[in-house]
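Worksheet for the structure shown next.
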Amino acid sequence: MTRITLEQRIAASPAAVYAYLTDAEKWRSWQGERAEITAEPGGIFSMVMGNGMNARGQFVSLEPDRLVSFTWGWVDQPGIPPGSTLVEIELESIEEGTLVRLTHSSVSPDEAPMQEMGWRHYLPRLAIAASGRDPGPDPGPG
């Protein structure tokens with residue numbers, strides 16, 4: 001299995017970034033058209049992309065302003081079934097705001113390039129939204 005690790009600097013506090021990872025309305029501003037989020041261990045994570053693909057999982061761990069982790073997978077997509085991978089998003093306070101370190105683990109080698117492309121598209125959109133700007137309509141990662 002493959003592990004994807006990416007970093008993004010965001011000109012916003014860890015508390016501001018954390019809100020964009022734990023509130024459905026804020027999540028939608030940077031990724032997806034619909035989201036259902038119950039930000040507590042065992043709570044629901046569900047997000048529907050503009051192309052209709054639905055990611056679903058459960059929250060595993062939440063440490064306010066420091067860490068959000070949840071399982072991830074696609075409904076009706078056999079390569080990564082719902083809940084079959086783990087996304088961990090660490091938030092580190094830095095002088096210019098927050099360093100976000102996203103690790104997506106247990107991804108099959110066949111699926112890793114597509115997942116990495118997606119996160120490389122969405123982390124900059126998170127940076128724009130969390131810093132108080134509008135990332136605009138989402139054209140999707142590819």
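Following the order of the structure tokens, first chain is A, next is B, and so on, with residues numbered from 1 inside each chain and ligands from 1 in the order they appear.
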- Give me the residues within 8 Å of Phe59 in chain A as a ChimeraX atom specification, counting only C-alpha atoms and dropping any in the same chain fewer than 6 places off. /A:38-45,68-71
- Task: Could you give me the residues within range 20-132 of chain A that DSSP places in helix (DSSP H, G or I), as a ChimeraX atom specification?
- Result: /A:20-22,24-30,112-130
- All residues 12 Å or closer to Thr5 in chain A, only C-alpha atoms, same chain fewer than 6 positions away omitted, as JSON, numbers by chain: {"A": [86, 87, 88, 89, 90, 100, 101, 102, 103, 104, 105, 106, 107, 112, 115, 116, 117, 119, 120, 123]}
Can I get the selection written as a tab-separated table (two decimals), in the first residue's frame, with N, CA, C and O atoms?
```
chain	number	residue	atom	x	y	z
A	86	LEU	N	-7.07	6.00	5.18
A	86	LEU	CA	-7.06	6.95	6.28
A	86	LEU	C	-6.43	8.26	5.84
A	86	LEU	O	-5.34	8.27	5.26
A	87	VAL	N	-7.13	9.37	6.12
A	87	VAL	CA	-6.60	10.71	5.86
A	87	VAL	C	-6.33	11.35	7.21
A	87	VAL	O	-7.23	11.43	8.06
A	88	GLU	N	-5.09	11.78	7.42
A	88	GLU	CA	-4.72	12.50	8.63
A	88	GLU	C	-4.24	13.88	8.22
A	88	GLU	O	-3.36	14.01	7.38
A	89	ILE	N	-4.83	14.90	8.83
A	89	ILE	CA	-4.47	16.28	8.52
A	89	ILE	C	-3.96	16.92	9.81
A	89	ILE	O	-4.73	17.15	10.74
A	90	GLU	N	-2.65	17.17	9.83
A	90	GLU	CA	-2.01	17.80	10.99
A	90	GLU	C	-1.89	19.29	10.74
A	90	GLU	O	-1.56	19.71	9.62
A	100	VAL	N	-0.05	22.83	7.01
A	100	VAL	CA	-0.93	21.68	6.95
A	100	VAL	C	-0.13	20.53	6.37
A	100	VAL	O	0.48	20.66	5.31
A	101	ARG	N	-0.14	19.40	7.07
A	101	ARG	CA	0.51	18.19	6.58
A	101	ARG	C	-0.57	17.13	6.43
A	101	ARG	O	-1.15	16.67	7.42
A	102	LEU	N	-0.87	16.77	5.20
A	102	LEU	CA	-1.89	15.77	4.92
A	102	LEU	C	-1.21	14.45	4.57
A	102	LEU	O	-0.33	14.42	3.70
A	103	THR	N	-1.61	13.39	5.25
A	103	THR	CA	-1.11	12.05	4.95
A	103	THR	C	-2.31	11.17	4.64
A	103	THR	O	-3.23	11.06	5.44
A	104	HIS	N	-2.30	10.60	3.45
A	104	HIS	CA	-3.37	9.69	3.02
A	104	HIS	C	-2.72	8.31	2.91
A	104	HIS	O	-1.87	8.08	2.05
A	105	SER	N	-3.09	7.40	3.81
A	105	SER	CA	-2.42	6.10	3.86
A	105	SER	C	-3.35	4.95	3.51
A	105	SER	O	-4.56	5.12	3.46
A	106	SER	N	-2.72	3.82	3.26
A	106	SER	CA	-3.40	2.58	2.86
A	106	SER	C	-4.06	2.69	1.48
A	106	SER	O	-5.07	2.06	1.21
A	107	VAL	N	-3.47	3.50	0.61
A	107	VAL	CA	-3.97	3.67	-0.76
A	107	VAL	C	-3.26	2.65	-1.66
A	107	VAL	O	-2.04	2.51	-1.59
A	112	ALA	N	-3.14	5.54	-6.06
A	112	ALA	CA	-2.36	6.62	-5.46
A	112	ALA	C	-2.18	7.84	-6.37
A	112	ALA	O	-2.35	8.97	-5.91
A	115	GLN	N	-5.39	9.92	-6.30
A	115	GLN	CA	-5.61	10.53	-4.99
A	115	GLN	C	-4.65	11.69	-4.77
A	115	GLN	O	-5.04	12.76	-4.30
A	116	GLU	N	-3.39	11.50	-5.13
A	116	GLU	CA	-2.42	12.58	-4.98
A	116	GLU	C	-2.78	13.78	-5.84
A	116	GLU	O	-2.71	14.92	-5.40
A	117	MET	N	-3.20	13.53	-7.07
A	117	MET	CA	-3.62	14.63	-7.95
A	117	MET	C	-4.78	15.40	-7.31
A	117	MET	O	-4.82	16.63	-7.33
A	119	TRP	N	-5.61	15.67	-4.03
A	119	TRP	CA	-5.18	16.47	-2.88
A	119	TRP	C	-4.32	17.65	-3.32
A	119	TRP	O	-4.40	18.72	-2.72
A	120	ARG	N	-3.50	17.48	-4.36
A	120	ARG	CA	-2.70	18.61	-4.86
A	120	ARG	C	-3.60	19.72	-5.42
A	120	ARG	O	-3.23	20.88	-5.40
A	123	LEU	N	-5.75	21.08	-1.70
A	123	LEU	CA	-5.07	21.79	-0.61
A	123	LEU	C	-4.89	23.29	-0.91
A	123	LEU	O	-5.13	24.11	-0.01
```
- Task: as number ranges by chain, please: all residues of chain A that backbone DSSP puts in strand (DSSP E or B).
- Result: A: 2-10, 34-37, 44-48, 54-63, 67-72, 74-75, 85-94, 97-107
Go ahead and save the residues from that selection, with C-alpha atoms, as a PDB file, in the first residue's frame.
```
ATOM      1  CA  THR A   2       1.044   3.582  -0.619  1.00  0.00           C
ATOM      2  CA  ARG A   3       1.222   6.604   1.644  1.00  0.00           C
ATOM      3  CA  ILE A   4       0.783  10.103   0.190  1.00  0.00           C
ATOM      4  CA  THR A   5       2.131  13.039   2.220  1.00  0.00           C
ATOM      5  CA  LEU A   6       1.668  16.643   1.128  1.00  0.00           C
ATOM      6  CA  GLU A   7       2.193  19.989   2.831  1.00  0.00           C
ATOM      7  CA  GLN A   8       0.472  23.341   2.339  1.00  0.00           C
ATOM      8  CA  ARG A   9       1.205  26.660   4.028  1.00  0.00           C
ATOM      9  CA  ILE A  10      -1.905  28.659   4.840  1.00  0.00           C
ATOM     10  CA  ARG A  34     -22.450  18.744  -0.698  1.00  0.00           C
ATOM     11  CA  ALA A  35     -20.996  17.623   2.599  1.00  0.00           C
ATOM     12  CA  GLU A  36     -22.234  15.939   5.744  1.00  0.00           C
ATOM     13  CA  ILE A  37     -19.867  16.188   8.683  1.00  0.00           C
ATOM     14  CA  ILE A  44     -19.965  10.751   9.609  1.00  0.00           C
ATOM     15  CA  PHE A  45     -17.780  12.201   6.886  1.00  0.00           C
ATOM     16  CA  SER A  46     -19.520  12.338   3.501  1.00  0.00           C
ATOM     17  CA  MET A  47     -18.805  14.646   0.591  1.00  0.00           C
ATOM     18  CA  VAL A  48     -20.161  14.727  -2.966  1.00  0.00           C
ATOM     19  CA  ASN A  54     -19.229  10.525  -3.229  1.00  0.00           C
ATOM     20  CA  ALA A  55     -16.451  10.112  -0.671  1.00  0.00           C
ATOM     21  CA  ARG A  56     -17.523   8.566   2.600  1.00  0.00           C
ATOM     22  CA  GLY A  57     -15.934   7.552   5.872  1.00  0.00           C
ATOM     23  CA  GLN A  58     -15.880   8.200   9.601  1.00  0.00           C
ATOM     24  CA  PHE A  59     -13.929  10.535  11.818  1.00  0.00           C
ATOM     25  CA  VAL A  60     -11.260   8.713  13.790  1.00  0.00           C
ATOM     26  CA  SER A  61      -9.586  11.445  15.818  1.00  0.00           C
ATOM     27  CA  LEU A  62     -10.050  15.174  16.341  1.00  0.00           C
ATOM     28  CA  GLU A  63      -7.730  17.410  18.333  1.00  0.00           C
ATOM     29  CA  LEU A  67      -5.388  17.183  14.009  1.00  0.00           C
ATOM     30  CA  VAL A  68      -8.305  15.813  12.026  1.00  0.00           C
ATOM     31  CA  SER A  69      -8.287  12.201  10.857  1.00  0.00           C
ATOM     32  CA  PHE A  70     -10.977  10.261   9.059  1.00  0.00           C
ATOM     33  CA  THR A  71     -11.395   7.184   6.930  1.00  0.00           C
ATOM     34  CA  TRP A  72     -11.944   7.803   3.218  1.00  0.00           C
ATOM     35  CA  TRP A  74     -15.563   6.274  -2.753  1.00  0.00           C
ATOM     36  CA  VAL A  75     -19.140   5.042  -2.896  1.00  0.00           C
ATOM     37  CA  THR A  85      -8.068   4.423   3.635  1.00  0.00           C
ATOM     38  CA  LEU A  86      -7.063   6.950   6.285  1.00  0.00           C
ATOM     39  CA  VAL A  87      -6.602  10.710   5.858  1.00  0.00           C
ATOM     40  CA  GLU A  88      -4.716  12.500   8.633  1.00  0.00           C
ATOM     41  CA  ILE A  89      -4.470  16.280   8.521  1.00  0.00           C
ATOM     42  CA  GLU A  90      -2.013  17.796  10.989  1.00  0.00           C
ATOM     43  CA  LEU A  91      -2.028  21.529  11.708  1.00  0.00           C
ATOM     44  CA  GLU A  92       1.179  23.171  12.901  1.00  0.00           C
ATOM     45  CA  SER A  93       1.350  26.809  13.941  1.00  0.00           C
ATOM     46  CA  ILE A  94       4.064  28.658  12.037  1.00  0.00           C
ATOM     47  CA  GLY A  97      -0.060  30.975   9.814  1.00  0.00           C
ATOM     48  CA  THR A  98      -0.440  27.206   9.576  1.00  0.00           C
ATOM     49  CA  LEU A  99       1.511  24.380   8.026  1.00  0.00           C
ATOM     50  CA  VAL A 100      -0.931  21.680   6.946  1.00  0.00           C
ATOM     51  CA  ARG A 101       0.513  18.190   6.578  1.00  0.00           C
ATOM     52  CA  LEU A 102      -1.890  15.768   4.915  1.00  0.00           C
ATOM     53  CA  THR A 103      -1.108  12.051   4.955  1.00  0.00           C
ATOM     54  CA  HIS A 104      -3.369   9.686   3.023  1.00  0.00           C
ATOM     55  CA  SER A 105      -2.418   6.101   3.864  1.00  0.00           C
ATOM     56  CA  SER A 106      -3.405   2.576   2.858  1.00  0.00           C
ATOM     57  CA  VAL A 107      -3.968   3.672  -0.758  1.00  0.00           C
TER      58      VAL A 107
END
```
